[in-house]
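One structure is given here, and the rest of the page talks about it.
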Amino acid sequence: MFLEYRIRIRNWIRDNRKKIIIVLVIWTVIIVINYLLSHRKKEEVLNTTYKPHDIVMSNDGEKVPEKLQEPIEKLIDDFVEYCNNKDYSNAYSLLSDDCKENVFNNEEEKFKLYVDEVFPEEKIYSIQSYSKTDDFYIYNVKFLNNILASGLTNEDFKYYEEKYAISGDKNNLKLTVGNYMGKEELRSVSEDDYVKIRVTEKRMFYSKELYKVKITNKTDNIMVIADGTEAEEIVLTIGNDNRGMYNSGLYIVLQPGETQEYELYFNKFYDEKNDADGIGFSKIRILESYSGKLELKQQEIDNAIKLYSLKVSL
């Protein structure tokens with residue numbers, strides 16, 4: 001019986017030898033292909049993360065609305081093209097009235113100086129939506145020399161960047177440049193028997209604020225508010241944070257009865273969550289005499305009529 005089965009199997013193999021060989025070849029090929037695929041090095045796919053309208057400073061993945069993305073790109077592109085071509089008038093026409101007035105004093109000649117400084121030669125640029133504050137979409141715009149136009153000779157790949165603020169609807173977008181964000185009229189006043197301080201205006205730039213103040217010395221003596229001899233003579237208060245002046249070299253010394261206007265700069269980012277709540281005049285000195293000499297400072301302080309501080313709430 002066993003011998004009979006062996007003979008049958010041998011005869012079947014002999015009769016189907018070609019088929020068996022074909023099946024074995026196919027099976028071997030399949031095994032080899034599976035092996036190669038399982039050990040194949042995966043091709044690295046370039047991951048492009050440049051999303052110019054994703055708002056960088058947003059915690060919830062906020063984006064610039066799609067309906068504004070193309071108009072904003074066109075506005076910036078037109079502005080840069082006009083500046084590259086020294087087409088001052090058309091570039092100037094794209095600015096907001098607020099920017100024209102408060103950055104360039106409504107003078108196209110001053111705008112030309114800005115263009116010639118930022119675009120001394122042809123520039124290429126990239127944009128990135130940075131933050132959304134009030135009615136502004138703020139973009140960081142980075143400029144590089146166009147090496148295709150200038151060639152690689154002596155090219156050191158330095159770049160310049162500034163914040164552009166864009167406002168309006170898609171049919172009437174306007175641009176502010178030079179990191180300028182806007183202006184706010186103020187009517188903050190603090191007054192006592194010695195001094196009257198009025199804060200009349202705030203101009204906001206992306207990384208600083210400018211306050212216009214008018215100070216009146218109501219006394220018959222010399223008033224020293226800032227002369228650089230004391231620390232934190234004038235500070236911007238933001239909660240418990242006191243920030244010294246950006247232009248700390250400002251000299252504010254008033255004669256009896258004198259009124260003067262000053263511009264005070266402080267470091268403050270436009271998209272900070274907290275607003276400033278006051279300006280502190282921390283070292284007001286009412287003096288019988290004032291020489292401005294360090295060697296006489298202590299003597300003049302010892303004879304002072306009044307030493308005190310005053311805060312103007314904003």
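Within each chain, counting starts at residue 1; across the structure tokens, chains are named A, B, ... in the order shown, with ligands numbered 1 upward in that order.
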
Q: Using DSSP on the backbone, list every residue of stretch 53-281 of chain A that comes out as strand (DSSP E), and give them as an MDAnalysis selection string.
A: chainID A and resid 123:133 136:145 159:167 174:176 180:191 195:205 208:217 222:226 234:238 241:244 252:254 259:267 278:281

Distance table requested - stretch 252-288 of chain A against stretch 184-196 of chain A, cut-off 12 Å, only C-alpha atoms: one row per qualifying residue with the closest atom pair and its distance in Å to one decimal, ordered by chain and rising residue number, as a tab-separated table.
residue	atom	partner	partner_atom	distance
A:Leu254	CA	A:Val195	CA	10.2
A:Gln255	CA	A:Val195	CA	11.7
A:Pro256	CA	A:Tyr194	CA	10.2
A:Gly257	CA	A:Val195	CA	9.4
A:Glu258	CA	A:Val195	CA	10.2
A:Thr259	CA	A:Lys196	CA	9.1
A:Gln260	CA	A:Lys196	CA	10.9
A:Glu261	CA	A:Lys196	CA	11.8
A:Asp277	CA	A:Ser188	CA	10.9
A:Gly278	CA	A:Ser188	CA	9.3
A:Ile279	CA	A:Ser188	CA	10.1
A:Gly280	CA	A:Ser190	CA	10.7
A:Phe281	CA	A:Ser190	CA	10.7
A:Ile284	CA	A:Val195	CA	9.4
A:Arg285	CA	A:Tyr194	CA	10.1
A:Ile286	CA	A:Tyr194	CA	8.2
A:Leu287	CA	A:Tyr194	CA	11.5

Could the residues of stretch 165-249 of chain A that have an atom at most 8 Å from stretch 126-136 of chain A be listed as a Markdown table, each with its closest atom pair and the distance in Å to one decimal, counting only C-alpha atoms and ordered by chain and ascending residue number?
| residue | atom | partner | partner_atom | distance |
| --- | --- | --- | --- | --- |
| A:Ala165 | CA | A:Phe136 | CA | 5.7 |
| A:Ile166 | CA | A:Phe136 | CA | 5.4 |
| A:Ser167 | CA | A:Phe136 | CA | 5.1 |
| A:Gly168 | CA | A:Asp135 | CA | 7.8 |

How about saving the chosen residues, N, CA, C and O atoms kept, as a PDB file, in the first residue's frame?
ATOM      1  N   ALA A 165       1.513  96.744   9.389  1.00  0.00           N
ATOM      2  CA  ALA A 165       0.161  96.576   9.919  1.00  0.00           C
ATOM      3  C   ALA A 165      -0.826  96.869   8.798  1.00  0.00           C
ATOM      4  O   ALA A 165      -0.691  97.870   8.077  1.00  0.00           O
ATOM      5  N   ILE A 166      -1.807  96.002   8.653  1.00  0.00           N
ATOM      6  CA  ILE A 166      -2.761  96.108   7.548  1.00  0.00           C
ATOM      7  C   ILE A 166      -4.173  96.158   8.124  1.00  0.00           C
ATOM      8  O   ILE A 166      -4.537  95.362   8.996  1.00  0.00           O
ATOM      9  N   SER A 167      -4.947  97.106   7.643  1.00  0.00           N
ATOM     10  CA  SER A 167      -6.313  97.266   8.135  1.00  0.00           C
ATOM     11  C   SER A 167      -7.241  97.550   6.959  1.00  0.00           C
ATOM     12  O   SER A 167      -6.807  97.893   5.858  1.00  0.00           O
ATOM     13  N   GLY A 168      -8.545  97.423   7.228  1.00  0.00           N
ATOM     14  CA  GLY A 168      -9.537  97.672   6.193  1.00  0.00           C
ATOM     15  C   GLY A 168     -10.164  96.380   5.707  1.00  0.00           C
ATOM     16  O   GLY A 168      -9.848  95.286   6.174  1.00  0.00           O
TER      17      GLY A 168
END

Q.
Residues near A:Asp54, anyone? I mean within 7 Å using only C-alpha atoms, not counting same-chain ones fewer than 6 positions away, as a ChimeraX atom specification.
A. /A:61-64,129

Save the residues we just selected, N, CA and C atoms, as a PDB file, in the first residue's frame?
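Now in result_7.pdb:
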ATOM      1  N   GLY A  61      -4.093  78.570  17.023  1.00  0.00           N
ATOM      2  CA  GLY A  61      -3.959  78.279  15.600  1.00  0.00           C
ATOM      3  C   GLY A  61      -4.741  79.205  14.698  1.00  0.00           C
ATOM      4  N   GLU A  62      -4.982  80.426  15.129  1.00  0.00           N
ATOM      5  CA  GLU A  62      -5.768  81.372  14.339  1.00  0.00           C
ATOM      6  C   GLU A  62      -5.043  81.722  13.037  1.00  0.00           C
ATOM      7  N   LYS A  63      -5.820  81.927  11.995  1.00  0.00           N
ATOM      8  CA  LYS A  63      -5.290  82.309  10.693  1.00  0.00           C
ATOM      9  C   LYS A  63      -5.957  83.592  10.217  1.00  0.00           C
ATOM     10  N   VAL A  64      -5.281  84.268   9.311  1.00  0.00           N
ATOM     11  CA  VAL A  64      -5.911  85.396   8.629  1.00  0.00           C
ATOM     12  C   VAL A  64      -7.033  84.834   7.757  1.00  0.00           C
ATOM     13  N   SER A 129       2.446  86.190   8.860  1.00  0.00           N
ATOM     14  CA  SER A 129       1.461  86.802   9.750  1.00  0.00           C
ATOM     15  C   SER A 129       1.917  86.608  11.191  1.00  0.00           C
TER      16      SER A 129
END

Residues of stretch 75-101 of chain A within 8 Å of stretch 107-117 of chain A: nearest atom pair and distance (Å, one decimal) for each, counting only C-alpha atoms, sorted by chain and number, as JSON lines?
{"residue": "A:Cys83", "atom": "CA", "partner": "A:Val115", "partner_atom": "CA", "distance": 6.2}
{"residue": "A:Lys86", "atom": "CA", "partner": "A:Val115", "partner_atom": "CA", "distance": 7.6}
{"residue": "A:Tyr88", "atom": "CA", "partner": "A:Lys112", "partner_atom": "CA", "distance": 6.3}
{"residue": "A:Ser89", "atom": "CA", "partner": "A:Glu108", "partner_atom": "CA", "distance": 7.6}
{"residue": "A:Tyr92", "atom": "CA", "partner": "A:Glu108", "partner_atom": "CA", "distance": 7.1}
{"residue": "A:Lys100", "atom": "CA", "partner": "A:Glu107", "partner_atom": "CA", "distance": 7.4}
{"residue": "A:Glu101", "atom": "CA", "partner": "A:Glu107", "partner_atom": "CA", "distance": 8.0}

Those selected residues, please, written with N, CA and C atoms and delivered as a PDB file, in the first residue's frame.
ATOM      1  N   CYS A  83       8.378 100.257  -4.525  1.00  0.00           N
ATOM      2  CA  CYS A  83       9.588 100.746  -3.848  1.00  0.00           C
ATOM      3  C   CYS A  83      10.843 100.315  -4.586  1.00  0.00           C
ATOM      4  N   LYS A  86      11.381 102.525  -7.370  1.00  0.00           N
ATOM      5  CA  LYS A  86      11.420 103.941  -6.983  1.00  0.00           C
ATOM      6  C   LYS A  86      10.198 104.701  -7.500  1.00  0.00           C
ATOM      7  N   TYR A  88       7.722 106.244  -6.133  1.00  0.00           N
ATOM      8  CA  TYR A  88       7.364 106.740  -4.808  1.00  0.00           C
ATOM      9  C   TYR A  88       5.872 107.059  -4.671  1.00  0.00           C
ATOM     10  N   SER A  89       5.302 107.689  -5.660  1.00  0.00           N
ATOM     11  CA  SER A  89       3.913 108.147  -5.548  1.00  0.00           C
ATOM     12  C   SER A  89       2.943 106.985  -5.406  1.00  0.00           C
ATOM     13  N   TYR A  92       3.412 105.374  -2.014  1.00  0.00           N
ATOM     14  CA  TYR A  92       2.865 106.256  -0.977  1.00  0.00           C
ATOM     15  C   TYR A  92       1.345 106.161  -0.922  1.00  0.00           C
ATOM     16  N   LYS A 100       0.639 108.093   6.875  1.00  0.00           N
ATOM     17  CA  LYS A 100       1.174 109.255   6.156  1.00  0.00           C
ATOM     18  C   LYS A 100       1.380 110.435   7.101  1.00  0.00           C
ATOM     19  N   GLU A 101       0.398 110.652   7.976  1.00  0.00           N
ATOM     20  CA  GLU A 101       0.461 111.812   8.864  1.00  0.00           C
ATOM     21  C   GLU A 101       1.484 111.638   9.975  1.00  0.00           C
TER      22      GLU A 101
END

**Q.** Proximity to A:Arg203 - best of A:Asn240, A:Asn59, A:Asn102, A:Asn303, only C-alpha atoms
**A.** A:Asn102

(Q) Env of A:Cys99: 8 Å cut, atoms = only C-alpha atoms, seq-sep filter 6 positions within chain, self excluded. Answer as an MDAnalysis selection string. (A) chainID A and resid 175:177 180 182

Preceding selection exported with C-alpha atoms as a PDB file, in the first residue's frame:
ATOM      1  CA  LEU A 175      -0.728  99.656   4.936  1.00  0.00           C
ATOM      2  CA  THR A 176       1.328 101.127   7.740  1.00  0.00           C
ATOM      3  CA  VAL A 177       5.099 100.721   7.590  1.00  0.00           C
ATOM      4  CA  TYR A 180       4.069 102.070  13.161  1.00  0.00           C
ATOM      5  CA  GLY A 182      -1.400 103.769  15.258  1.00  0.00           C
TER       6      GLY A 182
END

Q: Would you mind reading off the distance between atom CA of A:Ser207 and atom CA of A:Asn171, one decimal, in Å?
A: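 Value for the atom CA of A:Ser207-atom CA of A:Asn171 distance: 29.0 Å.
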